file final.pdb (PDB, C-alpha atoms, pLDDT in the B column)
ATOM      1  CA  MET E 900      80.783  64.544 125.970  1.00 48.00           C
ATOM      2  CA  LYS E 901      83.326  66.923 124.503  1.00 48.00           C
ATOM      3  CA  ILE E 902      85.311  69.266 126.707  1.00 50.00           C
ATOM      4  CA  LYS E 903      85.387  72.861 125.589  1.00 45.00           C
ATOM      5  CA  LYS E 904      88.788  74.472 125.713  1.00 42.00           C
ATOM      6  CA  GLN E 905      88.862  77.983 127.089  1.00 45.00           C
ATOM      7  CA  TYR E 906      91.748  80.280 126.378  1.00 44.00           C
ATOM      8  CA  LEU E 907      92.765  83.197 128.510  1.00 43.00           C
ATOM      9  CA  LYS E 908      92.929  86.471 126.733  1.00 43.00           C
ATOM     10  CA  LEU E 909      96.439  87.671 127.533  1.00 39.00           C
ATOM     11  CA  GLU E 910      96.296  90.970 125.724  1.00 44.00           C
ATOM     12  CA  GLU E 911      93.692  93.304 127.064  1.00 45.00           C
ATOM     13  CA  ASP E 912      91.855  95.097 124.276  1.00 50.00           C
ATOM     14  CA  LEU E 913      91.262  98.728 125.080  1.00 52.00           C
ATOM     15  CA  SER E 914      87.689  99.430 124.125  1.00 75.00           C
ATOM     16  CA  GLU E 915      87.745 103.091 125.154  1.00 82.00           C
ATOM     17  CA  ILE E 916      90.182 105.924 125.679  1.00 86.00           C
ATOM     18  CA  ASP E 917      89.597 109.216 127.425  1.00 89.00           C
ATOM     19  CA  VAL E 918      90.350 112.484 125.691  1.00 93.00           C
ATOM     20  CA  GLY E 919      89.944 116.066 126.825  1.00 94.00           C
ATOM     21  CA  LEU E 920      87.694 118.492 124.981  1.00 96.00           C
ATOM     22  CA  ILE E 921      88.989 122.051 124.962  1.00 96.00           C
ATOM     23  CA  ARG E 922      86.861 125.067 124.132  1.00 96.00           C
ATOM     24  CA  LEU E 923      88.317 128.540 123.705  1.00 96.00           C
ATOM     25  CA  ALA E 924      86.776 131.384 125.697  1.00 94.00           C
ATOM     26  CA  LYS E 925      87.441 133.772 122.819  1.00 93.00           C
ATOM     27  CA  PRO E 926      88.782 133.286 119.301  1.00 92.00           C
ATOM     28  CA  ILE E 927      92.578 133.615 119.270  1.00 94.00           C
ATOM     29  CA  PRO E 928      95.236 132.402 116.820  1.00 94.00           C
ATOM     30  CA  GLU E 929      96.874 129.047 117.524  1.00 94.00           C
ATOM     31  CA  HIS E 930     100.341 130.497 117.943  1.00 94.00           C
ATOM     32  CA  GLU E 931      99.114 132.895 120.621  1.00 95.00           C
ATOM     33  CA  LEU E 932      97.301 130.147 122.514  1.00 95.00           C
ATOM     34  CA  PHE E 933     100.297 127.817 122.568  1.00 96.00           C
ATOM     35  CA  PHE E 934     102.671 130.654 123.432  1.00 96.00           C
ATOM     36  CA  ASN E 935     100.561 131.282 126.554  1.00 95.00           C
ATOM     37  CA  ILE E 936     100.328 127.556 127.360  1.00 95.00           C
ATOM     38  CA  ASN E 937     104.122 127.222 127.047  1.00 96.00           C
ATOM     39  CA  GLU E 938     104.655 130.235 129.313  1.00 95.00           C
ATOM     40  CA  ILE E 939     102.935 128.569 132.294  1.00 94.00           C
ATOM     41  CA  ASN E 940     104.075 124.942 131.859  1.00 93.00           C
ATOM     42  CA  ILE E 941     107.481 123.321 132.354  1.00 92.00           C
ATOM     43  CA  PHE E 942     107.107 121.218 129.205  1.00 93.00           C
ATOM     44  CA  LYS E 943     106.745 122.988 125.852  1.00 95.00           C
ATOM     45  CA  PHE E 944     104.297 122.259 123.049  1.00 96.00           C
ATOM     46  CA  THR E 945     105.651 122.264 119.509  1.00 96.00           C
ATOM     47  CA  ARG E 946     103.874 121.917 116.191  1.00 96.00           C
ATOM     48  CA  VAL E 947     104.298 118.435 114.720  1.00 95.00           C
ATOM     49  CA  GLN E 948     103.005 116.655 111.628  1.00 94.00           C
ATOM     50  CA  ASP E 949      99.370 117.474 110.897  1.00 94.00           C
ATOM     51  CA  VAL E 950      96.693 114.801 111.171  1.00 93.00           C
ATOM     52  CA  GLN E 951      95.504 113.974 107.655  1.00 93.00           C
ATOM     53  CA  ILE E 952      92.187 112.432 106.665  1.00 92.00           C
ATOM     54  CA  LYS E 953      91.801 111.430 103.046  1.00 91.00           C
ATOM     55  CA  GLY E 954      88.353 111.625 101.531  1.00 87.00           C
ATOM     56  CA  GLU E 955      86.958 111.011  98.089  1.00 86.00           C
ATOM     57  CA  TYR E 956      86.802 114.700  97.139  1.00 87.00           C
ATOM     58  CA  PHE E 957      88.974 116.429  99.772  1.00 89.00           C
ATOM     59  CA  ASP E 958      92.029 115.732 101.911  1.00 93.00           C
ATOM     60  CA  HIS E 959      91.588 117.418 105.307  1.00 93.00           C
ATOM     61  CA  TYR E 960      94.430 118.529 107.581  1.00 96.00           C
ATOM     62  CA  PHE E 961      94.175 119.152 111.328  1.00 96.00           C
ATOM     63  CA  SER E 962      96.928 120.919 113.262  1.00 96.00           C
ATOM     64  CA  ARG E 963      98.672 118.936 115.991  1.00 96.00           C
ATOM     65  CA  TYR E 964     100.846 120.120 118.884  1.00 97.00           C
ATOM     66  CA  GLN E 965     102.850 117.794 121.090  1.00 95.00           C
ATOM     67  CA  ALA E 966     104.745 118.025 124.390  1.00 95.00           C
ATOM     68  CA  TYR E 967     106.525 115.534 126.621  1.00 92.00           C
ATOM     69  CA  ASP E 968     106.391 115.835 130.401  1.00 88.00           C
ATOM     70  CA  SER E 969     109.534 114.134 131.719  1.00 88.00           C
ATOM     71  CA  SER E 970     108.354 114.140 135.344  1.00 86.00           C
ATOM     72  CA  SER E 971     105.208 112.102 134.614  1.00 83.00           C
ATOM     73  CA  LYS E 972     106.684 110.434 131.479  1.00 85.00           C
ATOM     74  CA  ASN E 973     103.608 111.463 129.532  1.00 88.00           C
ATOM     75  CA  CYS E 974     103.229 112.704 125.967  1.00 91.00           C
ATOM     76  CA  PHE E 975     100.381 115.152 125.353  1.00 93.00           C
ATOM     77  CA  ASN E 976      98.780 115.903 121.975  1.00 93.00           C
ATOM     78  CA  PHE E 977      96.502 118.787 121.044  1.00 95.00           C
ATOM     79  CA  ILE E 978      94.620 118.169 117.786  1.00 96.00           C
ATOM     80  CA  SER E 979      92.379 120.808 116.236  1.00 97.00           C
ATOM     81  CA  ASN E 980      88.784 119.644 115.944  1.00 96.00           C
ATOM     82  CA  LYS E 981      88.131 121.703 112.805  1.00 95.00           C
ATOM     83  CA  SER E 982      90.222 121.175 109.691  1.00 94.00           C
ATOM     84  CA  ILE E 983      92.717 123.982 109.169  1.00 95.00           C
ATOM     85  CA  ARG E 984      93.227 123.206 105.486  1.00 94.00           C
ATOM     86  CA  SER E 985      91.492 121.193 102.779  1.00 92.00           C
ATOM     87  CA  VAL E 986      92.876 120.139  99.416  1.00 91.00           C
ATOM     88  CA  GLN E 987      90.314 119.393  96.732  1.00 89.00           C
ATOM     89  CA  LYS E 988      91.208 116.232  94.802  1.00 85.00           C
ATOM     90  CA  LYS E 989      88.361 116.174  92.308  1.00 84.00           C
ATOM     91  CA  GLU E 990      85.229 118.091  91.412  1.00 83.00           C
ATOM     92  CA  GLN E 991      81.956 117.191  93.141  1.00 77.00           C
ATOM     93  CA  HIS E 992      79.112 116.490  90.745  1.00 73.00           C
ATOM     94  CA  MET E 993      76.584 115.202  93.272  1.00 70.00           C
ATOM     95  CA  LEU E 994      74.079 117.721  94.595  1.00 66.00           C
ATOM     96  CA  PHE E 995      73.893 116.301  98.126  1.00 67.00           C
ATOM     97  CA  SER E 996      77.334 114.993  99.003  1.00 68.00           C
ATOM     98  CA  ASP E 997      78.246 114.235 102.599  1.00 71.00           C
ATOM     99  CA  GLU E 998      81.760 115.597 102.088  1.00 74.00           C
ATOM    100  CA  SER E 999      82.592 119.310 102.226  1.00 83.00           C
ATOM    101  CA  ASN E1000      85.721 121.419 102.367  1.00 84.00           C
ATOM    102  CA  ILE E1001      85.390 121.773 106.179  1.00 90.00           C
ATOM    103  CA  LYS E1002      85.517 118.707 108.401  1.00 92.00           C
ATOM    104  CA  PHE E1003      85.208 118.208 112.164  1.00 93.00           C
ATOM    105  CA  LEU E1004      86.771 115.268 113.978  1.00 94.00           C
ATOM    106  CA  LEU E1005      83.863 115.338 116.441  1.00 93.00           C
ATOM    107  CA  ASN E1006      80.798 116.199 114.356  1.00 90.00           C
ATOM    108  CA  LEU E1007      78.499 116.237 117.369  1.00 91.00           C
ATOM    109  CA  HIS E1008      80.795 118.667 119.213  1.00 93.00           C
ATOM    110  CA  GLN E1009      81.535 121.381 116.676  1.00 94.00           C
ATOM    111  CA  ASP E1010      81.951 123.914 119.504  1.00 95.00           C
ATOM    112  CA  VAL E1011      85.116 122.077 120.634  1.00 96.00           C
ATOM    113  CA  ASP E1012      88.309 123.719 119.402  1.00 96.00           C
ATOM    114  CA  TYR E1013      90.929 121.125 120.410  1.00 97.00           C
ATOM    115  CA  ILE E1014      91.040 117.479 121.399  1.00 95.00           C
ATOM    116  CA  LEU E1015      93.655 116.622 124.015  1.00 95.00           C
ATOM    117  CA  SER E1016      95.061 113.114 124.292  1.00 92.00           C
ATOM    118  CA  ASN E1017      97.935 111.586 126.203  1.00 89.00           C
ATOM    119  CA  SER E1018     100.080 108.491 125.911  1.00 81.00           C
ATOM    120  CA  ASP E1019      99.127 107.127 129.330  1.00 76.00           C
ATOM    121  CA  MET E1020      96.289 104.612 129.654  1.00 68.00           C
ATOM    122  CA  PHE E1021      94.693 106.774 132.321  1.00 71.00           C
ATOM    123  CA  ALA E1022      94.013 110.304 131.175  1.00 72.00           C
ATOM    124  CA  GLU E1023      95.448 112.822 133.623  1.00 79.00           C
ATOM    125  CA  PHE E1024      94.796 116.237 132.124  1.00 86.00           C
ATOM    126  CA  SER E1025      95.228 118.141 135.391  1.00 85.00           C
ATOM    127  CA  LEU E1026      98.997 118.090 134.781  1.00 84.00           C
ATOM    128  CA  ILE E1027      98.575 120.711 132.048  1.00 89.00           C
ATOM    129  CA  LEU E1028      98.103 124.294 133.135  1.00 91.00           C
ATOM    130  CA  LEU E1029      95.902 126.273 130.752  1.00 92.00           C
ATOM    131  CA  PRO E1030      95.558 130.061 130.608  1.00 91.00           C
ATOM    132  CA  GLU E1031      92.302 130.845 132.413  1.00 87.00           C
ATOM    133  CA  ASN E1032      91.399 133.858 130.299  1.00 89.00           C
ATOM    134  CA  PHE E1033      91.666 131.918 126.992  1.00 93.00           C
ATOM    135  CA  VAL E1034      90.346 128.409 127.693  1.00 94.00           C
ATOM    136  CA  PHE E1035      87.399 126.895 129.534  1.00 93.00           C
ATOM    137  CA  GLN E1036      87.867 123.902 131.832  1.00 92.00           C
ATOM    138  CA  ILE E1037      88.813 120.617 130.126  1.00 93.00           C
ATOM    139  CA  GLN E1038      85.872 118.251 129.662  1.00 93.00           C
ATOM    140  CA  GLU E1039      86.712 114.547 129.699  1.00 93.00           C
ATOM    141  CA  TYR E1040      85.164 112.492 126.906  1.00 92.00           C
ATOM    142  CA  SER E1041      85.340 108.741 126.213  1.00 90.00           C
ATOM    143  CA  LEU E1042      86.001 107.466 122.706  1.00 88.00           C
ATOM    144  CA  SER E1043      84.935 103.993 121.651  1.00 84.00           C
ATOM    145  CA  SER E1044      87.372 101.879 119.634  1.00 83.00           C
ATOM    146  CA  GLU E1045      84.891 101.835 116.726  1.00 83.00           C
ATOM    147  CA  THR E1046      85.182 105.582 116.091  1.00 85.00           C
ATOM    148  CA  GLU E1047      87.398 107.080 113.412  1.00 84.00           C
ATOM    149  CA  LEU E1048      88.956 109.504 115.917  1.00 86.00           C
ATOM    150  CA  TYR E1049      90.034 106.621 118.183  1.00 85.00           C
ATOM    151  CA  GLN E1050      91.867 105.035 115.238  1.00 84.00           C
ATOM    152  CA  LEU E1051      93.496 108.358 114.313  1.00 84.00           C
ATOM    153  CA  ILE E1052      94.760 108.970 117.846  1.00 83.00           C
ATOM    154  CA  GLN E1053      96.204 105.454 118.000  1.00 81.00           C
ATOM    155  CA  TYR E1054      97.902 105.920 114.608  1.00 80.00           C
ATOM    156  CA  TYR E1055      99.481 109.293 115.406  1.00 76.00           C
ATOM    157  CA  GLU E1056     100.619 108.345 118.922  1.00 72.00           C
TER     158      GLU E1056
END
call {"tool": "encode", "arguments": {"input": "final.pdb", "output": "structure tokens"}}
result
Amino acid sequence: MKIKKQYLKLEEDLSEIDVGLIRLAKPIPEHELFFNINEINIFKFTRVQDVQIKGEYFDHYFSRYQAYDSSSKNCFNFISNKSIRSVQKKEQHMLFSDESNIKFLLNLHQDVDYILSNSDMFAEFSLILLPENFVFQIQEYSLSSETELYQLIQYYE
């Protein structure tokens, strides 16, 4: 009778992360929104390198804002759900292509304006004060490690 060797898994694989879904109460420009967010928080959001998704016909760019809270030692990222810019790489000749010049990171939640993530394992979005007259309450949402957005958040962190 053979003895099976069992190994302990030392590194815990994160199968899910929590993100915050942010919906605007009324359409306002990004700079105005983040000006108001920076007015009421101690930490300040700044525009950083855009998230880029390369496709066959288009390259899509999503704006990204980042802030570091030194008291909680947490880094927060706002990523736009809808692409802010698309660069066409080649002409589409297929009638029904699944790629267009507008892309959403969360296709099933096209009403979401921004996706909020943080560097901590446990999402604590209550540390961010949001202007009540511009933004609805943050909705927590779990992302599986198989999704494209999960991989993007891990890459840009």
call {"tool": "resolve_selection", "arguments": {"input": "final.pdb", "expression": "the PyMOL selection byres ((chain E and resi 963) around 7)", "output": "PyMOL selection string"}}
result
chain E and resi 946-950+961-962+964-965+976-979
call {"tool": "atom_distance", "arguments": {"input": "final.pdb", "atom1": "CA of Tyr1054 in chain E", "atom2": "CA of Phe1035 in chain E"}}
result
27.8 Å
call {"tool": "residues_around", "arguments": {"input": "final.pdb", "residues": "Ser1018 in chain E", "least_positions_apart": "6", "cutoff": "9 Å", "atoms": "all atoms listed in the file", "output": "short mmCIF file (atom, residue, chain, number, x, y, z; two decimals) with C-alpha atoms, in the coordinates of the input"}}
result
data_model
loop_
_atom_site.label_atom_id
_atom_site.label_comp_id
_atom_site.auth_asym_id
_atom_site.auth_seq_id
_atom_site.Cartn_x
_atom_site.Cartn_y
_atom_site.Cartn_z
CA LYS E 972 106.68 110.43 131.48
CA ASN E 973 103.61 111.46 129.53
CA CYS E 974 103.23 112.70 125.97
CA PHE E 975 100.38 115.15 125.35
CA ASN E 976 98.78 115.90 121.98
CA GLU E 1056 100.62 108.34 118.92
#
call {"tool": "residues_near_point", "arguments": {"input": "final.pdb", "point": "(90.5, 109.2, 104.8)", "cutoff": "12 Å", "atoms": "all atoms listed in the file", "output": "VMD selection string"}}
result
chain E and resid 950 to 960 998 1002 1004 1047 to 1048 1050 to 1051
call {"tool": "atom_distance", "arguments": {"input": "final.pdb", "atom1": "CA of Asn980 in chain E", "atom2": "CA of Ile936 in chain E"}}
result
18.1 Å
call {"tool": "closest_residue", "arguments": {"input": "final.pdb", "among": "E:Lys981, E:Gln1038, E:Asn940, E:Lys925", "to": "Leu1015 in chain E", "atoms": "all atoms listed in the file"}}
result
E:Gln1038
call {"tool": "resolve_selection", "arguments": {"input": "final.pdb", "expression": "the PyMOL selection byres ((chain E and resi 1024) around 9)", "output": "PyMOL selection string"}}
result
chain E and resi 918-919+975+1015-1017+1022-1023+1025-1028+1037+1039
call {"tool": "axis_aligned_box", "arguments": {"input": "final.pdb", "around": "range 991-1007 of chain E", "padding_each_side": "8 Å", "output": "JSON"}}
result
{"center_x": 80.3, "center_y": 118.0, "center_z": 104.1, "size_x": 28.9, "size_y": 23.5, "size_z": 42.6}
call {"tool": "atom_distance", "arguments": {"input": "final.pdb", "atom1": "CA of Asn1032 in chain E", "atom2": "CA of Ile927 in chain E"}}
result
11.1 Å
call {"tool": "resolve_selection", "arguments": {"input": "final.pdb", "expression": "the PyMOL selection byres ((chain E and resi 933) around 10)", "output": "number ranges by chain"}}
result
E: 928-932, 934-938, 943-946, 964, 977, 1029-1030
call {"tool": "closest_residue", "arguments": {"input": "final.pdb", "among": "E:Ala966, E:Val986, E:Val1034, E:Ile1001", "to": "Phe942 in chain E", "atoms": "all atoms listed in the file"}}
result
E:Ala966
call {"tool": "build_atoms", "arguments": {"input": "final.pdb", "residues": "range 912-946 of chain E", "atoms": "N, CA and C atoms", "output": "short mmCIF file (atom, residue, chain, number, x, y, z; two decimals), in the coordinates of the input"}}
result
data_model
loop_
_atom_site.label_atom_id
_atom_site.label_comp_id
_atom_site.auth_asym_id
_atom_site.auth_seq_id
_atom_site.Cartn_x
_atom_site.Cartn_y
_atom_site.Cartn_z
N ASP E 912 92.25 94.19 125.34
CA ASP E 912 91.86 95.10 124.28
C ASP E 912 91.24 96.34 124.90
N LEU E 913 91.81 97.48 124.57
CA LEU E 913 91.26 98.73 125.08
C LEU E 913 90.05 99.10 124.24
N SER E 914 88.90 99.12 124.87
CA SER E 914 87.69 99.43 124.12
C SER E 914 87.38 100.92 124.14
N GLU E 915 87.98 101.67 125.05
CA GLU E 915 87.74 103.09 125.15
C GLU E 915 89.02 103.80 125.58
N ILE E 916 89.14 105.05 125.15
CA ILE E 916 90.18 105.92 125.68
C ILE E 916 89.52 107.24 126.06
N ASP E 917 90.11 107.92 127.01
CA ASP E 917 89.60 109.22 127.42
C ASP E 917 90.41 110.32 126.77
N VAL E 918 89.72 111.30 126.26
CA VAL E 918 90.35 112.48 125.69
C VAL E 918 89.76 113.70 126.40
N GLY E 919 90.43 114.82 126.26
CA GLY E 919 89.94 116.07 126.82
C GLY E 919 89.42 116.96 125.72
N LEU E 920 88.27 117.55 125.94
CA LEU E 920 87.69 118.49 124.98
C LEU E 920 87.99 119.90 125.46
N ILE E 921 88.57 120.70 124.59
CA ILE E 921 88.99 122.05 124.96
C ILE E 921 88.24 123.06 124.11
N ARG E 922 87.59 123.99 124.80
CA ARG E 922 86.86 125.07 124.13
C ARG E 922 87.54 126.39 124.48
N LEU E 923 87.72 127.23 123.48
CA LEU E 923 88.32 128.54 123.70
C LEU E 923 87.27 129.51 124.23
N ALA E 924 87.68 130.37 125.15
CA ALA E 924 86.78 131.38 125.70
C ALA E 924 86.55 132.51 124.70
N LYS E 925 87.56 132.76 123.87
CA LYS E 925 87.44 133.77 122.82
C LYS E 925 88.32 133.33 121.66
N PRO E 926 87.97 133.72 120.45
CA PRO E 926 88.78 133.29 119.30
C PRO E 926 90.16 133.96 119.31
N ILE E 927 91.20 133.12 119.34
CA ILE E 927 92.58 133.62 119.27
C ILE E 927 93.36 132.72 118.32
N PRO E 928 94.42 133.23 117.71
CA PRO E 928 95.24 132.40 116.82
C PRO E 928 95.95 131.29 117.59
N GLU E 929 96.21 130.20 116.89
CA GLU E 929 96.87 129.05 117.52
C GLU E 929 98.21 129.41 118.15
N HIS E 930 99.01 130.18 117.43
CA HIS E 930 100.34 130.50 117.94
C HIS E 930 100.27 131.29 119.25
N GLU E 931 99.27 132.13 119.38
CA GLU E 931 99.11 132.90 120.62
C GLU E 931 98.67 131.99 121.77
N LEU E 932 97.76 131.08 121.50
CA LEU E 932 97.30 130.15 122.51
C LEU E 932 98.46 129.30 123.04
N PHE E 933 99.23 128.71 122.13
CA PHE E 933 100.30 127.82 122.57
C PHE E 933 101.49 128.57 123.16
N PHE E 934 101.68 129.82 122.78
CA PHE E 934 102.67 130.65 123.43
C PHE E 934 102.30 130.81 124.90
N ASN E 935 101.02 131.11 125.17
CA ASN E 935 100.56 131.28 126.55
C ASN E 935 100.58 129.97 127.33
N ILE E 936 100.25 128.86 126.69
CA ILE E 936 100.33 127.56 127.36
C ILE E 936 101.78 127.24 127.71
N ASN E 937 102.70 127.51 126.80
CA ASN E 937 104.12 127.22 127.05
C ASN E 937 104.72 128.12 128.12
N GLU E 938 104.17 129.31 128.29
CA GLU E 938 104.66 130.24 129.31
C GLU E 938 104.41 129.71 130.73
N ILE E 939 103.31 128.98 130.93
CA ILE E 939 102.94 128.57 132.29
C ILE E 939 103.22 127.10 132.60
N ASN E 940 103.75 126.35 131.64
CA ASN E 940 104.08 124.94 131.86
C ASN E 940 105.58 124.72 131.76
N ILE E 941 106.06 123.68 132.42
CA ILE E 941 107.48 123.32 132.35
C ILE E 941 107.80 122.72 130.99
N PHE E 942 106.92 121.83 130.51
CA PHE E 942 107.11 121.22 129.21
C PHE E 942 106.55 122.15 128.13
N LYS E 943 107.09 122.06 126.93
CA LYS E 943 106.74 122.99 125.85
C LYS E 943 106.09 122.25 124.68
N PHE E 944 105.00 122.81 124.20
CA PHE E 944 104.30 122.26 123.05
C PHE E 944 104.94 122.78 121.77
N THR E 945 105.13 121.89 120.82
CA THR E 945 105.65 122.26 119.51
C THR E 945 104.72 121.71 118.45
N ARG E 946 104.70 122.36 117.31
CA ARG E 946 103.87 121.92 116.19
C ARG E 946 104.55 120.71 115.56
#
